[in-house]
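Participant: Structure file model_14.txt, compact mmCIF, C-alpha atoms and all ligand atoms, is pasted below:
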# COMPACT_ATOMS: atom_id res chain seq x y z
CA MET A 173 61.98 87.79 133.78
CA GLN A 174 61.44 85.19 131.11
CA GLN A 175 60.74 88.05 128.73
CA LYS A 176 64.07 89.72 129.61
CA ILE A 177 65.98 86.49 129.14
CA ASN A 178 64.42 85.97 125.73
CA ASP A 179 65.14 89.59 124.70
CA LEU A 180 68.76 89.32 125.74
CA LEU A 181 69.18 85.98 123.96
CA ARG A 182 67.81 87.49 120.77
CA ARG A 183 70.14 90.49 121.02
CA VAL A 184 73.12 88.19 121.54
CA GLU A 185 72.12 86.16 118.51
CA GLU A 186 71.58 89.19 116.32
CA PHE A 187 74.71 91.03 117.42
CA ALA A 188 76.80 91.72 114.28
CA PRO A 189 79.68 94.13 114.94
CA GLN A 190 80.99 96.49 112.26
CA ALA A 191 84.39 96.84 113.90
CA ALA A 192 86.49 94.69 116.23
CA ALA A 193 86.21 97.25 119.03
CA GLU A 194 82.45 96.82 119.20
CA ILE A 195 82.87 93.24 120.46
CA GLU A 196 84.54 94.33 123.68
CA GLU A 197 82.00 97.12 124.12
CA PHE A 198 79.25 94.54 123.76
CA ARG A 199 80.90 92.25 126.33
CA ILE A 200 81.04 95.05 128.88
CA LYS A 201 77.48 96.05 128.13
CA MET A 202 76.29 92.49 128.78
CA MET A 203 78.71 90.87 131.20
CA GLY A 204 80.47 93.82 132.83
CA LYS A 205 79.81 94.80 136.46
CA LYS A 206 76.90 96.94 135.40
CA GLY A 207 76.03 94.75 132.41
CA GLU A 208 72.53 93.61 131.58
CA VAL A 209 73.19 89.90 132.09
CA THR A 210 74.88 90.71 135.37
CA ALA A 211 71.82 92.74 136.43
CA LEU A 212 69.67 89.73 135.68
CA MET A 213 71.65 87.68 138.20
CA GLU A 214 70.89 90.34 140.85
CA GLU A 215 67.26 90.08 139.95
CA PHE A 216 67.48 86.30 140.25
CA LYS A 217 68.06 86.65 143.99
CA GLY A 218 64.44 87.77 144.39
CA VAL A 219 62.94 84.86 142.45
CA ALA A 220 60.58 82.60 144.36
CA PRO A 221 62.41 79.51 145.68
CA GLU A 222 60.33 77.03 143.66
CA LEU A 223 61.26 78.83 140.40
CA LYS A 224 64.96 79.25 141.22
CA ARG A 225 66.05 76.01 139.62
CA GLU A 226 64.35 76.70 136.32
CA TYR A 227 65.44 80.35 136.03
CA GLY A 228 68.93 79.49 137.23
CA GLN A 229 69.34 77.15 134.31
CA ARG A 230 67.95 79.66 131.83
CA ILE A 231 70.18 82.49 133.02
CA ASN A 232 73.15 80.18 132.94
CA ALA A 233 72.32 79.22 129.38
CA LEU A 234 72.13 82.93 128.47
CA LYS A 235 75.51 83.55 130.09
CA GLN A 236 77.08 80.63 128.19
CA ALA A 237 75.52 81.73 124.89
CA THR A 238 76.75 85.32 125.38
CA LEU A 239 80.33 84.26 126.19
CA ALA A 240 80.41 81.76 123.34
CA LYS A 241 79.23 84.37 120.86
CA ILE A 242 81.75 86.96 122.08
CA ASN A 243 84.66 84.51 121.89
CA ALA A 244 83.65 83.32 118.45
CA LEU A 245 83.40 86.90 117.18
CA LYS A 246 86.77 87.82 118.68
CA GLU A 247 88.49 84.94 116.91
CA GLU A 248 86.80 85.69 113.62
CA TRP A 249 87.84 89.35 113.72
CA ALA A 250 91.39 88.58 114.79
CA ALA A 251 91.77 86.28 111.76
CA LYS A 252 90.57 88.80 109.25
CA ALA A 253 92.31 91.75 110.84
CA GLU A 254 94.57 93.62 108.46
CA PRO A 255 98.26 93.35 109.25
CA ASP A 256 99.17 96.26 111.41
CA VAL A 257 100.61 98.49 108.67
CA LYS A 258 100.51 102.20 109.08
CA ILE A 259 100.20 104.17 105.86
CA GLU A 260 103.45 106.06 105.42
CA ASP A 261 103.42 109.79 105.12
CA MET A 262 103.03 110.04 101.36
CA SER A 263 104.54 113.52 101.23
CA ARG A 264 107.92 112.38 102.58
CA PRO A 265 110.79 112.51 100.05
CA GLY A 266 111.53 109.05 98.61
CA THR A 267 114.87 107.27 98.40
CA ALA A 268 116.25 107.76 94.91
CA GLU A 269 117.23 104.63 92.97
CA GLN A 270 120.95 104.57 92.26
CA LEU A 271 121.32 104.60 88.50
CA GLY A 272 124.31 103.16 86.71
CA SER A 273 126.14 105.35 84.22
CA ARG A 274 128.29 104.84 81.17
CA HIS A 275 131.99 104.20 81.57
CA PRO A 276 134.09 107.13 80.30
CA ILE A 277 135.74 104.83 77.74
CA SER A 278 132.30 103.91 76.37
CA ILE A 279 131.29 107.58 76.31
CA VAL A 280 134.32 108.53 74.21
CA LYS A 281 134.07 105.43 72.03
CA ASN A 282 130.42 106.21 71.22
CA GLU A 283 131.23 109.82 70.50
CA ILE A 284 133.97 108.83 68.04
CA ILE A 285 131.67 106.32 66.35
CA ASP A 286 128.95 109.00 66.06
CA ILE A 287 131.32 111.45 64.40
CA PHE A 288 132.36 108.93 61.74
CA ALA A 289 128.77 107.73 61.33
CA ARG A 290 128.00 111.28 60.16
CA LEU A 291 130.59 110.72 57.39
CA GLY A 292 128.87 107.48 56.35
CA TYR A 293 130.98 104.94 58.27
CA THR A 294 129.34 101.83 59.71
CA VAL A 295 130.62 99.83 62.68
CA ALA A 296 132.49 96.55 62.13
CA GLU A 297 133.81 94.24 64.83
CA GLY A 298 136.05 91.21 65.06
CA PRO A 299 137.33 88.59 67.53
CA GLU A 300 139.78 89.39 70.33
CA ILE A 301 141.47 86.01 69.92
CA GLU A 302 142.99 86.13 66.47
CA ASP A 303 145.51 84.41 64.23
CA ASP A 304 148.76 85.68 62.83
CA ARG A 305 147.29 86.17 59.37
CA HIS A 306 144.64 88.71 60.42
CA VAL A 307 146.85 90.59 62.87
CA PHE A 308 150.16 90.53 61.01
CA SER A 309 150.80 88.75 57.73
CA SER A 310 147.83 90.09 55.71
CA LEU A 311 148.74 93.55 56.97
CA ASN A 312 152.14 93.38 55.33
CA PHE A 313 154.12 92.22 58.36
CA PRO A 314 156.19 89.43 56.74
CA PRO A 315 157.44 86.68 59.09
CA GLU A 316 160.61 87.75 60.90
CA HIS A 317 159.93 91.38 59.97
CA PRO A 318 161.20 93.68 62.73
CA ALA A 319 157.94 95.67 62.65
CA ARG A 320 156.36 92.78 64.57
CA ASP A 321 158.36 93.95 67.56
CA MET A 322 156.50 97.26 67.55
CA GLN A 323 153.74 95.42 69.37
CA ASP A 324 154.58 93.02 72.17
CA THR A 325 152.24 90.13 71.54
CA PHE A 326 150.54 87.64 73.86
CA PHE A 327 150.57 84.28 72.11
CA ILE A 328 148.15 81.56 73.09
CA GLU A 329 149.63 78.18 73.79
CA LYS A 330 148.98 75.66 71.11
CA MET A 331 146.23 73.31 72.29
CA SER A 332 145.85 71.16 69.19
CA ASN A 333 147.95 69.60 66.47
CA GLU A 334 145.93 71.09 63.66
CA PRO A 335 148.27 73.28 61.60
CA HIS A 336 145.98 76.32 61.41
CA VAL A 337 145.91 76.77 65.19
CA ASP A 338 149.63 77.20 65.27
CA ASP A 339 149.61 80.92 65.57
CA ILE A 340 146.76 81.96 67.83
CA LEU A 341 147.24 85.22 69.70
CA LEU A 342 145.40 88.07 71.39
CA ARG A 343 145.00 90.86 68.86
CA THR A 344 147.46 93.68 69.42
CA HIS A 345 145.50 96.17 67.34
CA THR A 346 142.07 96.57 65.76
CA SER A 347 143.71 96.66 62.30
CA SER A 348 142.82 92.96 62.17
CA ILE A 349 139.22 94.07 61.56
CA GLN A 350 140.39 95.80 58.37
CA VAL A 351 141.43 92.38 57.07
CA ARG A 352 138.17 90.73 58.15
CA THR A 353 136.17 93.50 56.48
CA MET A 354 138.06 93.18 53.19
CA GLU A 355 137.46 89.42 53.30
CA THR A 356 133.72 89.86 53.40
CA GLN A 357 132.96 93.17 51.68
CA LYS A 358 133.67 94.60 48.24
CA PRO A 359 134.63 98.29 47.85
CA PRO A 360 133.39 100.87 48.48
CA ILE A 361 134.22 100.08 52.10
CA ARG A 362 133.76 102.59 54.90
CA VAL A 363 134.01 101.07 58.38
CA ILE A 364 134.84 102.18 61.89
CA CYS A 365 136.05 99.34 64.11
CA PRO A 366 136.09 99.68 67.91
CA GLY A 367 137.56 96.96 70.08
CA ARG A 368 139.70 95.78 72.96
CA VAL A 369 143.36 95.00 72.29
CA PHE A 370 146.13 93.33 74.27
CA ARG A 371 149.86 93.93 74.56
CA ASN A 372 152.49 92.58 76.85
CA GLU A 373 153.29 95.95 78.42
CA ALA A 374 154.17 96.89 81.97
CA ILE A 375 151.21 98.66 83.58
CA SER A 376 151.89 102.31 84.35
CA TYR A 377 150.08 105.65 84.35
CA ARG A 378 150.37 105.75 80.55
CA ALA A 379 150.23 102.09 79.46
CA HIS A 380 148.16 99.01 80.17
CA CYS A 381 148.19 95.45 78.87
CA ILE A 382 144.52 95.79 77.91
CA PHE A 383 143.20 98.87 76.20
CA HIS A 384 140.81 100.01 73.48
CA GLN A 385 141.37 101.13 69.93
CA ILE A 386 139.23 102.45 67.13
CA GLU A 387 140.24 101.69 63.60
CA GLY A 388 138.95 103.33 60.44
CA LEU A 389 139.11 102.07 56.86
CA TYR A 390 137.93 103.71 53.67
CA ILE A 391 138.45 102.06 50.28
CA ASP A 392 137.01 103.28 47.00
CA ARG A 393 138.13 104.52 43.59
CA ASN A 394 140.35 107.64 43.70
CA VAL A 395 140.68 107.94 47.47
CA SER A 396 143.54 110.37 48.10
CA PHE A 397 145.70 111.59 50.97
CA ALA A 398 143.75 114.87 50.81
CA ASP A 399 140.56 112.92 51.65
CA LEU A 400 142.32 111.39 54.64
CA LYS A 401 143.53 114.75 55.88
CA GLN A 402 140.16 116.43 55.50
CA SER A 403 138.30 113.56 57.21
CA LEU A 404 140.66 113.68 60.18
CA LEU A 405 140.44 117.48 60.44
CA TYR A 406 136.63 117.19 60.55
CA PHE A 407 136.93 114.48 63.20
CA ALA A 408 139.33 116.53 65.38
CA LYS A 409 137.11 119.63 65.24
CA GLU A 410 134.00 117.62 66.12
CA LEU A 411 135.74 115.91 69.04
CA PHE A 412 137.84 118.73 70.52
CA GLY A 413 136.11 121.88 69.26
CA GLU A 414 135.88 124.10 66.19
CA LYS A 415 139.22 125.89 66.85
CA THR A 416 141.20 122.62 66.78
CA GLN A 417 144.02 122.32 64.23
CA ILE A 418 145.79 119.15 63.12
CA ARG A 419 149.28 118.48 61.89
CA MET A 420 150.68 115.36 60.25
CA ARG A 421 154.16 114.00 60.84
CA PRO A 422 155.70 111.30 58.60
CA SER A 423 155.77 107.92 60.27
CA TYR A 424 155.97 104.22 59.51
CA PHE A 425 153.38 101.43 59.68
CA PRO A 426 153.75 98.27 57.60
CA PHE A 427 150.16 98.42 56.37
CA THR A 428 150.13 102.04 55.14
CA GLU A 429 152.31 103.90 52.66
CA PRO A 430 152.81 106.77 53.14
CA SER A 431 152.11 106.75 56.86
CA ALA A 432 151.65 109.63 59.27
CA GLU A 433 151.06 110.44 62.87
CA VAL A 434 148.45 113.07 63.62
CA ASP A 435 148.62 115.65 66.36
CA VAL A 436 145.84 118.01 67.45
CA SER A 437 146.45 121.47 68.80
CA CYS A 438 146.37 121.31 72.60
CA ASN A 439 142.84 122.15 73.70
CA LEU A 440 144.04 123.22 77.15
CA CYS A 441 146.45 126.00 76.18
CA GLY A 442 145.09 126.61 72.67
CA GLY A 443 148.50 125.72 71.19
CA LYS A 444 150.60 128.09 73.30
CA GLY A 445 152.30 125.32 75.24
CA CYS A 446 151.46 123.91 78.68
CA PRO A 447 152.43 120.95 80.92
CA VAL A 448 149.88 118.63 79.25
CA CYS A 449 151.33 119.14 75.76
CA LYS A 450 154.81 119.39 77.32
CA GLY A 451 155.20 122.90 75.99
CA THR A 452 154.82 121.87 72.34
CA GLY A 453 151.22 123.01 71.80
CA TRP A 454 150.43 119.65 70.14
CA LEU A 455 149.04 116.30 71.33
CA GLU A 456 149.45 113.08 69.40
CA ILE A 457 146.13 111.29 68.85
CA LEU A 458 146.39 108.75 66.05
CA GLY A 459 148.30 106.93 63.33
CA CYS A 460 147.15 106.79 59.72
CA GLY A 461 148.12 106.46 56.10
CA MET A 462 147.19 105.27 52.62
CA VAL A 463 146.48 101.54 52.62
CA ASP A 464 149.61 99.80 51.30
CA PRO A 465 148.97 98.18 47.87
CA ASN A 466 150.39 94.94 49.33
CA VAL A 467 147.55 94.90 51.87
CA LEU A 468 144.92 95.43 49.16
CA THR A 469 146.41 92.63 47.06
CA ALA A 470 146.70 90.25 50.03
CA ASN A 471 143.01 90.74 50.67
CA GLY A 472 141.76 90.35 47.09
CA ILE A 473 141.35 94.03 46.16
CA ASP A 474 143.01 95.30 42.98
CA PRO A 475 145.30 98.25 43.90
CA ASN A 476 145.16 99.48 40.29
CA GLU A 477 141.45 100.02 40.60
CA TYR A 478 141.06 100.99 44.23
CA SER A 479 142.90 102.99 46.84
CA GLY A 480 142.10 103.75 50.44
CA PHE A 481 143.16 105.18 53.74
CA ALA A 482 143.22 103.79 57.25
CA PHE A 483 143.69 105.22 60.71
CA GLY A 484 143.86 103.89 64.25
CA MET A 485 143.63 105.53 67.67
CA GLY A 486 143.70 104.60 71.34
CA VAL A 487 140.44 105.34 73.14
CA GLU A 488 142.06 105.67 76.60
CA ARG A 489 144.50 108.25 75.29
CA ILE A 490 141.75 110.35 73.71
CA ALA A 491 139.61 110.02 76.85
CA MET A 492 142.57 111.19 78.97
CA LEU A 493 143.02 114.25 76.78
CA LYS A 494 139.32 115.01 76.66
CA PHE A 495 138.66 114.64 80.39
CA GLY A 496 142.07 115.75 81.68
CA VAL A 497 142.70 112.36 83.37
CA LYS A 498 146.40 111.91 84.09
CA ASP A 499 146.51 108.22 85.04
CA LEU A 500 145.22 105.63 82.58
CA ARG A 501 144.88 102.98 85.29
CA LEU A 502 141.86 104.83 86.70
CA TYR A 503 139.85 103.60 83.72
CA PHE A 504 140.34 99.98 84.81
CA GLU A 505 139.88 100.20 88.57
CA ASN A 506 136.11 100.70 88.55
CA ASP A 507 136.23 103.02 91.54
CA VAL A 508 132.74 104.54 91.61
CA ARG A 509 134.08 107.83 92.98
CA PHE A 510 135.99 108.19 89.70
CA LEU A 511 133.22 106.83 87.48
CA HIS A 512 130.45 109.00 88.95
CA GLN A 513 132.26 112.10 87.73
CA PHE A 514 131.15 111.18 84.22
CA ASP A 515 127.45 110.74 85.07
CA SER A 516 126.44 113.94 83.37
CA VAL A 517 128.69 113.57 80.28
CA LEU A 518 126.32 111.72 77.98
N1 LIG A 601 147.50 99.61 64.36
C1 LIG A 601 148.27 100.75 64.77
C2 LIG A 601 148.73 100.55 66.21
O1 LIG A 601 148.14 99.79 66.90
C3 LIG A 601 147.50 102.01 64.67
C4 LIG A 601 147.28 102.39 63.25
C5 LIG A 601 148.19 103.18 62.61
C6 LIG A 601 146.19 101.91 62.56
C7 LIG A 601 148.01 103.52 61.28
C8 LIG A 601 145.99 102.27 61.24
C9 LIG A 601 146.91 103.08 60.62
O2 LIG A 601 144.94 101.85 60.54
O3 LIG A 601 146.73 103.40 59.32
O4 LIG A 601 149.67 101.15 66.62
Please express the file's structure as structure tokens.
Ligand code: DAH
Facilitator:
Amino acid sequence: MQQKINDLLRRVEEFAPQAAAEIEEFRIKMMGKKGEVTALMEEFKGVAPELKREYGQRINALKQATLAKINALKEEWAAKAEPDVKIEDMSRPGTAEQLGSRHPISIVKNEIIDIFARLGYTVAEGPEIEDDRHVFSSLNFPPEHPARDMQDTFFIEKMSNEPHVDDILLRTHTSSIQVRTMETQKPPIRVICPGRVFRNEAISYRAHCIFHQIEGLYIDRNVSFADLKQSLLYFAKELFGEKTQIRMRPSYFPFTEPSAEVDVSCNLCGGKGCPVCKGTGWLEILGCGMVDPNVLTANGIDPNEYSGFAFGMGVERIAMLKFGVKDLRLYFENDVRFLHQFDSVL
């Protein structure tokens, strides 16, 4: 019996499970109803009375040692047990990340910039909060000139007594960037100027108080109206398709002389006349002209040596024509159902 006790004690000591489940198996094997320690207790009944005390103590010690070992092992394994994470079925389809997309106004703006970049234009930008000089007076809008009323201006309240902050306003057109470019660059100048502009207009399906324009300016020796016309024809064909025609109608802008408005043949009806072009076959897309000599002089460029042309267009209007969008307000509402329609146009 002593031999059995010693054997069992050794096995308890040496027991080193490889998995948590083995601990419970071991407990049953030792202490269960038919366990080996339990069997020893049965055997104990037949021990001679004078030895009972001694063996009783030894068997008790074995029982204690076995239980202590099992409990210690159970705690140890519970602590190191992996969190109960099941490995997902790796072949299941994943959830796609929602990707953002470009705003249609950015798409059209970038396309226009790309077309002029192919003609050698670089991008120039300027501030949205401007002064009278850059938006009006250096562009040949004299004070009190009625042409100032062509654009309903937001003025910014005077916050200081310094004289030069007398006339701060939100730019009404990107033509102000023409002035800033002439201030810092010498001809030849070839810039394309995108930007946000502001006018005090009632918001409707065709007008907004905030919108986007793209301005172009080319100044060099011997720049002619024919250069202007050819550049704009190239632009229109690139933007609306090879079959596109342009026509120029005389117009007036203070900063260009002569001035013109440019129409493109309606890309929906091919010029036959439809509701979009109101039956005329033509759609107006931009204003342009030869830079007025007064503007060159006001900005330090000699009109006897240099000439140039300029043009300006509204990005929302072009985007409406290109995408067939009938209400300009949609571009400002950021409704994803509208915006997602342009996901693939990149
Ligand atoms: N600045 C004009 C506007 O906002 C657009 C424009 C017309 C720009 C003719 C030009 C131009 O550069 O030559 O209505």
Participant: So which residues are near ligand LIG 601 (chain A), meaning at most 8 Å away with all atoms listed in the file counted, given back as a list in words?
Facilitator: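 Residues lying within 8 Å of ligand LIG 601 (chain A): Met322, Gln323, Thr344, His345, Thr346, Ser347, Gln350, Gln385, Glu387, Gly388, Leu389, Phe425, Phe427, Thr428, Ser431, Ala432, Glu433, Leu458, Gly459, Cys460, Gly461, Met462, Val463, Phe481, Ala482, Phe483, Gly484, Met485 and Gly486 of chain A.
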Participant: Would you mind listing what lies within 9 Å of A:Ile301 as a compact mmCIF listing (two decimals) with C-alpha atoms, keeping the file's coordinate frame, with all atoms listed in the file counted and same-chain residues fewer than 5 positions away left out?
Facilitator:
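In the end it all went to around10.txt:
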# COMPACT_ATOMS: atom_id res chain seq x y z
CA ILE A 328 148.15 81.56 73.09
CA ILE A 340 146.76 81.96 67.83
CA LEU A 341 147.24 85.22 69.70
CA LEU A 342 145.40 88.07 71.39
CA ARG A 343 145.00 90.86 68.86
Participant: Counting only C-alpha atoms, what is within 12 Å of A:Glu505, bar same-chain residues fewer than 6 positions away, as a PyMOL selection string?
Facilitator: chain A and resi 275+380+499+511
Participant: Step by step, gather every atom of stretch 311-319 of chain A that the file lists, find the box along x, y and z that holds them, add 3 Å on each side, and finally give centre and edge lengths in Å to one decimal, as lines of an AutoDock Vina configuration file.
Facilitator:
center_x = 155.0
center_y = 91.2
center_z = 59.0
size_x = 18.5
size_y = 15.0
size_z = 13.4
Participant: Report the distance between atom CA of A:Lys176 and atom CA of A:Ile195 in Å, rounded to one decimal place.
Facilitator: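 Pair atom CA of A:Lys176 / atom CA of A:Ile195 returns 21.2 Å.
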Participant: Just the number, please: distance in Å from atom CA of A:Lys217 to atom CA of A:Ala233, one decimal.
Facilitator: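 Straight-line distance from atom CA of A:Lys217 to atom CA of A:Ala233 works out to 16.9 Å.
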Participant: What is the distance between atom CA of A:Gly496 and atom CA of A:Ile418, in Å to one decimal?
Facilitator: 19.2 Å
Participant: Can you tell me, as JSON, numbers by chain, what residues are no more than 12 Å from stretch 248-251 of chain A when counting all atoms listed in the file, ignoring any on the same chain fewer than 4 positions away?
Facilitator: {"A": [188, 189, 190, 191, 192, 193, 194, 195, 196, 241, 242, 243, 244, 255, 256]}
Participant: List as a PDB file with C-alpha atoms, keeping the file's coordinate frame the protein and nucleic acid residues near A:Cys365, meaning an atom at most 6 Å away when all atoms listed in the file are counted, but skip any in the same chain fewer than 4 places from it.
Facilitator:
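The resulting file, part-v7.pdb, is shown below:
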ATOM      1  CA  VAL A 295     130.620  99.830  62.680  1.00  0.00           C
ATOM      2  CA  ALA A 296     132.490  96.550  62.130  1.00  0.00           C
ATOM      3  CA  GLU A 297     133.810  94.240  64.830  1.00  0.00           C
ATOM      4  CA  ILE A 386     139.230 102.450  67.130  1.00  0.00           C
ATOM      5  CA  GLU A 387     140.240 101.690  63.600  1.00  0.00           C
TER       6      GLU A 387
END
Participant: Using only C-alpha atoms, can you tell me which of A:Glu414, A:Glu260, A:Glu329, A:Asp324 comes closest to A:Ile382?
Facilitator: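 Of A:Glu414, A:Glu260, A:Glu329, A:Asp324, the one nearest A:Ile382, counting only C-alpha atoms, is A:Asp324.
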Participant: Kindly indicate which residue among A:Gly204, A:Pro359, A:Gly272, A:Pro221 lies nearest to A:Asp474, using only C-alpha atoms for the distances.
Facilitator: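 Residue with the minimum atom-to-atom distance to A:Asp474: A:Pro359.
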Participant: I'd like to know which of A:Gln270, A:Asn439, A:Gln229, A:Ser310 is closest to A:Met213, using all atoms listed in the file.
Facilitator: A:Gln229
